[in-house]
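Structure below is data11.cif: mmCIF, C-alpha atoms.
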data_entry
loop_
_atom_site.label_atom_id
_atom_site.label_comp_id
_atom_site.auth_asym_id
_atom_site.auth_seq_id
_atom_site.Cartn_x
_atom_site.Cartn_y
_atom_site.Cartn_z
CA MET A 1 5.82 -19.99 -38.26
CA ALA A 2 3.19 -19.78 -35.52
CA THR A 3 0.90 -16.78 -35.53
CA ALA A 4 1.49 -14.46 -32.58
CA VAL A 5 -1.25 -14.32 -29.99
CA LYS A 6 -2.89 -10.95 -29.42
CA LEU A 7 -3.16 -9.13 -26.11
CA TYR A 8 -5.31 -6.00 -25.87
CA GLY A 9 -4.61 -3.39 -23.21
CA PRO A 10 -1.99 -1.02 -21.77
CA PRO A 11 1.08 -2.46 -19.99
CA LEU A 12 0.41 -0.13 -17.04
CA SER A 13 -2.74 -2.11 -16.26
CA ALA A 14 -2.04 -4.60 -13.49
CA ALA A 15 -4.15 -7.25 -15.22
CA VAL A 16 -2.44 -6.71 -18.57
CA SER A 17 1.03 -6.81 -17.00
CA ARG A 18 0.13 -10.11 -15.29
CA VAL A 19 -0.54 -11.68 -18.69
CA LEU A 20 2.56 -10.07 -20.21
CA ALA A 21 4.72 -11.63 -17.51
CA CYS A 22 3.14 -15.02 -18.18
CA LEU A 23 3.70 -14.74 -21.94
CA LEU A 24 7.35 -13.88 -21.38
CA GLU A 25 7.86 -16.71 -18.90
CA LYS A 26 6.36 -19.14 -21.41
CA ASP A 27 8.31 -17.66 -24.32
CA VAL A 28 5.14 -17.12 -26.35
CA GLN A 29 5.29 -14.71 -29.29
CA PHE A 30 2.65 -12.00 -28.87
CA GLN A 31 1.31 -8.80 -30.35
CA LEU A 32 0.34 -6.11 -27.86
CA ILE A 33 -2.58 -4.01 -29.07
CA PRO A 34 -2.90 -0.77 -27.07
CA ILE A 35 -6.27 0.25 -25.64
CA ASN A 36 -6.59 3.84 -24.43
CA LEU A 37 -8.59 3.60 -21.22
CA ALA A 38 -8.67 7.37 -20.67
CA ARG A 39 -10.46 7.78 -23.99
CA GLY A 40 -12.88 4.98 -23.19
CA GLU A 41 -11.79 2.70 -26.02
CA GLN A 42 -12.62 -0.29 -23.81
CA LYS A 43 -16.29 0.77 -23.85
CA LYS A 44 -16.66 0.99 -27.62
CA PRO A 45 -19.01 -1.50 -29.35
CA ASP A 46 -16.29 -3.40 -31.22
CA TYR A 47 -14.30 -3.94 -28.05
CA LEU A 48 -17.39 -4.91 -26.04
CA LYS A 49 -17.92 -7.76 -28.50
CA LEU A 50 -14.63 -9.15 -27.20
CA GLN A 51 -15.00 -8.16 -23.54
CA PRO A 52 -18.63 -7.55 -22.53
CA PHE A 53 -17.65 -5.90 -19.23
CA GLY A 54 -15.53 -3.26 -20.96
CA GLN A 55 -12.30 -4.06 -19.12
CA VAL A 56 -8.77 -5.09 -20.04
CA PRO A 57 -7.20 -7.37 -21.01
CA VAL A 58 -8.56 -9.35 -23.91
CA PHE A 59 -6.56 -12.25 -25.28
CA GLN A 60 -6.88 -13.94 -28.66
CA ASP A 61 -5.18 -17.13 -29.78
CA GLU A 62 -6.34 -18.42 -33.15
CA SER A 63 -10.09 -18.99 -32.75
CA ILE A 64 -10.33 -18.46 -28.99
CA THR A 65 -10.98 -15.14 -27.25
CA LEU A 66 -10.58 -14.85 -23.49
CA PHE A 67 -10.79 -12.22 -20.78
CA GLU A 68 -9.81 -12.20 -17.07
CA SER A 69 -6.06 -12.19 -16.59
CA ARG A 70 -5.78 -15.23 -14.31
CA ALA A 71 -7.87 -17.39 -16.65
CA ILE A 72 -5.78 -16.19 -19.58
CA SER A 73 -2.57 -17.05 -17.73
CA ARG A 74 -3.79 -20.54 -16.93
CA TYR A 75 -4.71 -21.06 -20.57
CA ILE A 76 -1.29 -19.90 -21.75
CA CYS A 77 0.44 -22.31 -19.37
CA ASP A 78 -1.67 -25.25 -20.51
CA LYS A 79 -1.63 -24.45 -24.24
CA TYR A 80 2.12 -23.82 -24.32
CA ALA A 81 3.08 -26.34 -21.64
CA ASN A 82 6.17 -27.59 -23.45
CA GLN A 83 7.93 -24.27 -23.93
CA GLY A 84 9.47 -21.60 -21.75
CA ASN A 85 9.08 -22.11 -18.02
CA LYS A 86 7.55 -25.60 -18.10
CA GLY A 87 6.72 -25.68 -14.40
CA LEU A 88 4.95 -22.33 -14.24
CA PHE A 89 1.55 -23.97 -13.73
CA GLY A 90 2.85 -27.27 -12.38
CA THR A 91 3.44 -30.60 -14.07
CA ASN A 92 1.04 -32.83 -12.14
CA PRO A 93 -2.37 -32.54 -10.40
CA SER A 94 -0.96 -31.93 -6.92
CA GLU A 95 1.33 -29.14 -8.11
CA LYS A 96 -1.49 -27.53 -10.09
CA ALA A 97 -3.82 -27.73 -7.09
CA SER A 98 -1.28 -25.99 -4.86
CA ILE A 99 -0.71 -23.27 -7.45
CA ASP A 100 -4.45 -22.80 -7.92
CA GLN A 101 -4.89 -22.55 -4.16
CA TRP A 102 -2.46 -19.63 -3.90
CA LEU A 103 -3.77 -18.04 -7.09
CA ASP A 104 -7.19 -18.00 -5.45
CA ALA A 105 -5.65 -16.57 -2.29
CA GLU A 106 -4.12 -13.77 -4.36
CA GLY A 107 -7.39 -13.01 -6.12
CA GLN A 108 -9.66 -13.26 -3.07
CA ASN A 109 -7.47 -12.15 -0.15
CA PHE A 110 -4.51 -10.16 -1.48
CA ASN A 111 -6.00 -8.29 -4.42
CA PRO A 112 -9.04 -6.68 -2.72
CA PRO A 113 -7.14 -4.64 -0.09
CA THR A 114 -4.30 -3.82 -2.49
CA SER A 115 -6.78 -2.52 -5.06
CA VAL A 116 -8.40 -0.23 -2.49
CA LEU A 117 -5.00 1.04 -1.35
CA LEU A 118 -3.85 1.70 -4.91
CA PHE A 119 -6.95 3.73 -5.61
CA GLN A 120 -6.90 5.67 -2.36
CA LEU A 121 -3.16 6.39 -2.32
CA THR A 122 -2.60 7.23 -5.99
CA LEU A 123 -5.61 7.30 -8.28
CA ALA A 124 -7.85 9.31 -5.94
CA LEU A 125 -5.29 12.11 -5.84
CA ARG A 126 -5.06 12.23 -9.63
CA MET A 127 -8.84 12.28 -9.88
CA LYS A 128 -9.02 14.99 -7.19
CA ILE A 129 -11.06 12.74 -4.93
CA LYS A 130 -10.59 13.12 -1.18
CA GLN A 131 -8.74 10.21 0.38
CA ASP A 132 -10.64 8.11 2.91
CA GLU A 133 -8.17 7.66 5.76
CA ASN A 134 -10.38 5.13 7.54
CA LEU A 135 -10.59 3.02 4.40
CA ILE A 136 -6.83 3.19 3.97
CA LYS A 137 -6.27 2.09 7.57
CA GLN A 138 -8.80 -0.75 7.32
CA ASN A 139 -7.26 -2.14 4.15
CA GLU A 140 -3.71 -1.82 5.41
CA GLU A 141 -4.77 -3.94 8.37
CA LYS A 142 -6.44 -6.47 6.05
CA LEU A 143 -3.31 -6.67 3.92
CA GLU A 144 -1.07 -7.07 6.96
CA LYS A 145 -3.09 -10.11 8.04
CA VAL A 146 -2.69 -11.62 4.56
CA LEU A 147 1.05 -10.93 4.59
CA ASP A 148 1.35 -12.55 8.01
CA VAL A 149 -0.06 -15.73 6.46
CA TYR A 150 2.41 -15.39 3.58
CA GLU A 151 5.27 -14.87 6.05
CA ASN A 152 4.51 -18.19 7.69
CA ARG A 153 4.09 -19.98 4.38
CA LEU A 154 7.31 -18.55 2.94
CA GLY A 155 9.16 -19.75 6.01
CA GLU A 156 8.22 -23.28 4.94
CA SER A 157 8.95 -22.99 1.20
CA ARG A 158 10.89 -20.68 -1.07
CA TYR A 159 7.79 -19.69 -3.03
CA LEU A 160 4.08 -19.78 -2.28
CA ALA A 161 3.25 -23.07 -4.00
CA GLY A 162 6.57 -24.80 -3.27
CA ASP A 163 10.23 -24.40 -3.99
CA GLU A 164 9.83 -23.26 -7.61
CA PHE A 165 8.55 -19.96 -9.00
CA THR A 166 5.02 -20.44 -10.36
CA LEU A 167 1.96 -18.60 -11.56
CA ALA A 168 0.97 -18.16 -7.91
CA ASP A 169 3.98 -15.90 -7.33
CA LEU A 170 3.77 -14.22 -10.74
CA SER A 171 0.19 -13.13 -10.13
CA HIS A 172 1.31 -11.00 -7.17
CA LEU A 173 3.86 -8.99 -9.16
CA PRO A 174 1.69 -6.19 -10.64
CA MET A 175 -0.13 -5.00 -7.53
CA THR A 176 2.87 -5.47 -5.23
CA GLN A 177 4.98 -3.36 -7.54
CA TYR A 178 2.44 -0.55 -7.40
CA LEU A 179 2.19 -0.76 -3.61
CA VAL A 180 5.96 -0.71 -3.17
CA ASN A 181 6.79 1.96 -5.74
CA ALA A 182 3.72 4.12 -6.40
CA CYS A 183 2.11 3.90 -2.96
CA ASP A 184 5.26 3.92 -0.82
CA ARG A 185 4.10 0.88 1.13
CA GLY A 186 7.21 -1.23 0.68
CA GLU A 187 7.65 -1.57 4.43
CA LEU A 188 4.59 -3.83 4.55
CA PHE A 189 6.68 -6.36 2.63
CA THR A 190 10.25 -5.65 3.69
CA SER A 191 9.39 -5.63 7.40
CA ARG A 192 8.61 -9.34 7.07
CA LYS A 193 11.79 -11.35 6.56
CA ASN A 194 10.39 -14.11 4.37
CA VAL A 195 7.99 -11.90 2.43
CA GLY A 196 10.77 -9.39 1.80
CA ARG A 197 13.09 -12.09 0.52
CA TRP A 198 10.33 -13.49 -1.69
CA TRP A 199 9.52 -10.08 -3.15
CA ASP A 200 13.17 -9.38 -3.91
CA GLU A 201 13.43 -12.68 -5.76
CA ILE A 202 10.27 -12.55 -7.85
CA SER A 203 10.62 -8.86 -8.75
CA SER A 204 14.19 -9.48 -9.93
CA ARG A 205 13.19 -11.98 -12.61
CA GLU A 206 14.27 -10.92 -16.08
CA THR A 207 10.77 -11.46 -17.46
CA TRP A 208 9.29 -9.02 -14.95
CA LYS A 209 12.02 -6.50 -15.63
CA LYS A 210 10.99 -6.62 -19.30
CA VAL A 211 7.37 -5.90 -18.34
CA VAL A 212 8.49 -2.91 -16.27
CA GLU A 213 10.51 -1.67 -19.24
CA MET A 214 7.40 -1.90 -21.39
CA GLN A 215 5.45 0.07 -18.79
CA ASN A 216 8.10 2.77 -18.62
CA SER A 217 8.40 3.05 -22.38
CA ARG A 218 4.74 3.96 -22.71
CA PRO A 219 4.19 7.71 -22.47
CA ARG A 220 2.00 8.70 -19.56
CA ARG A 221 -0.82 11.15 -20.04
CA SER A 222 -0.08 14.51 -18.46
CA ALA A 223 -2.29 15.61 -15.59
#

Please rewrite the model in this file as structure tokens.
Amino acid sequence: MATAVKLYGPPLSAAVSRVLACLLEKDVQFQLIPINLARGEQKKPDYLKLQPFGQVPVFQDESITLFESRAISRYICDKYANQGNKGLFGTNPSEKASIDQWLDAEGQNFNPPTSVLLFQLTLALRMKIKQDENLIKQNEEKLEKVLDVYENRLGESRYLAGDEFTLADLSHLPMTQYLVNACDRGELFTSRKNVGRWWDEISSRETWKKVVEMQNSRPRRSA
């Protein structure tokens, strides 16, 4: 029986949940090893040997150790190509290139404004840091421009990289969920016909529902 891969980090982390969704899509057996970020466990010497930047997640599969959630997800798709969702990272060079293109768009264009909004609209309040209204407005405008591009693209194809759900779509799940639910910015997505339809479809996948269940089953620290 194959040894389960190891994933270090809390399910509530967007990066960790991205990898969890990929593991579930690929039907890969895994062991989730919790890391308490509030207690700084990610900065301890033993952990820094695995992840020198002191962030989550860390992924281990036999003799290989990886960090950065998108790189981990690509590895999982390639290593376990013949199981689970076989087309998650494409089956030929042109499909992979298209998926990579939209993965890069997510990381470089979608993730930066969503990360700022998540911090300003939720984390800043918990940390008792004053919200920067100008920064919120600027990043909402940046995100709207990105979503306008997505709206056009999703009018041409069912998903970002084509007519099948892929890693390009999966990678958007964690931060979009936080924007829609925790930040009350769902209208940014639902006000766009194609983006709204796309979000409804990808967030309804059984694999993502399982990730959300894992997030909800973890006790939150009280304020």

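Those residues that approach Asp104 in chain A to within 12 Å, counting only C-alpha atoms, are Arg70, Ala71, Ala97, Ser98, Ile99, Asp100, Gln101, Gly107, Gln108, Asn109, Phe110, Asn111, Pro112, Leu160, Ala161, Leu167, Ala168, Asp169, Ser171 and His172 of chain A; same-chain residues fewer than 3 positions away are not listed.
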
Run the PyMOL selection byres ((chain A and resi 38-49) around 12) against the file shown and list the residues it catches, as a ChimeraX atom specification.
/A:8-10,33-37,50-59,65-67,127,220-223

Name the residues in contact with Asn139 in chain A at a cut-off of 12 Å, using all atoms listed in the file, excluding same-chain residues fewer than 5 positions from it; report them as number ranges by chain.
A: 109-121, 132-134, 144-146, 188

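Of the listed residues (A:Lys79, A:Arg192, A:Lys137, A:Lys130), A:Arg192 comes nearest to Arg153 in chain A; the distances count only C-alpha atoms.
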
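Atom to atom, CA of Val28 in chain A and CA of Gly84 in chain A stand 7.7 Å apart.
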
Where does the PyMOL selection byres ((chain A and resi 14) around 9) land in this file, that is, which residues does it pick, as a list of chain:residue names?
A:Pro11, A:Leu12, A:Ser13, A:Ala15, A:Val16, A:Ser17, A:Arg18, A:Val19, A:Leu173, A:Pro174, A:Met175, A:Tyr178
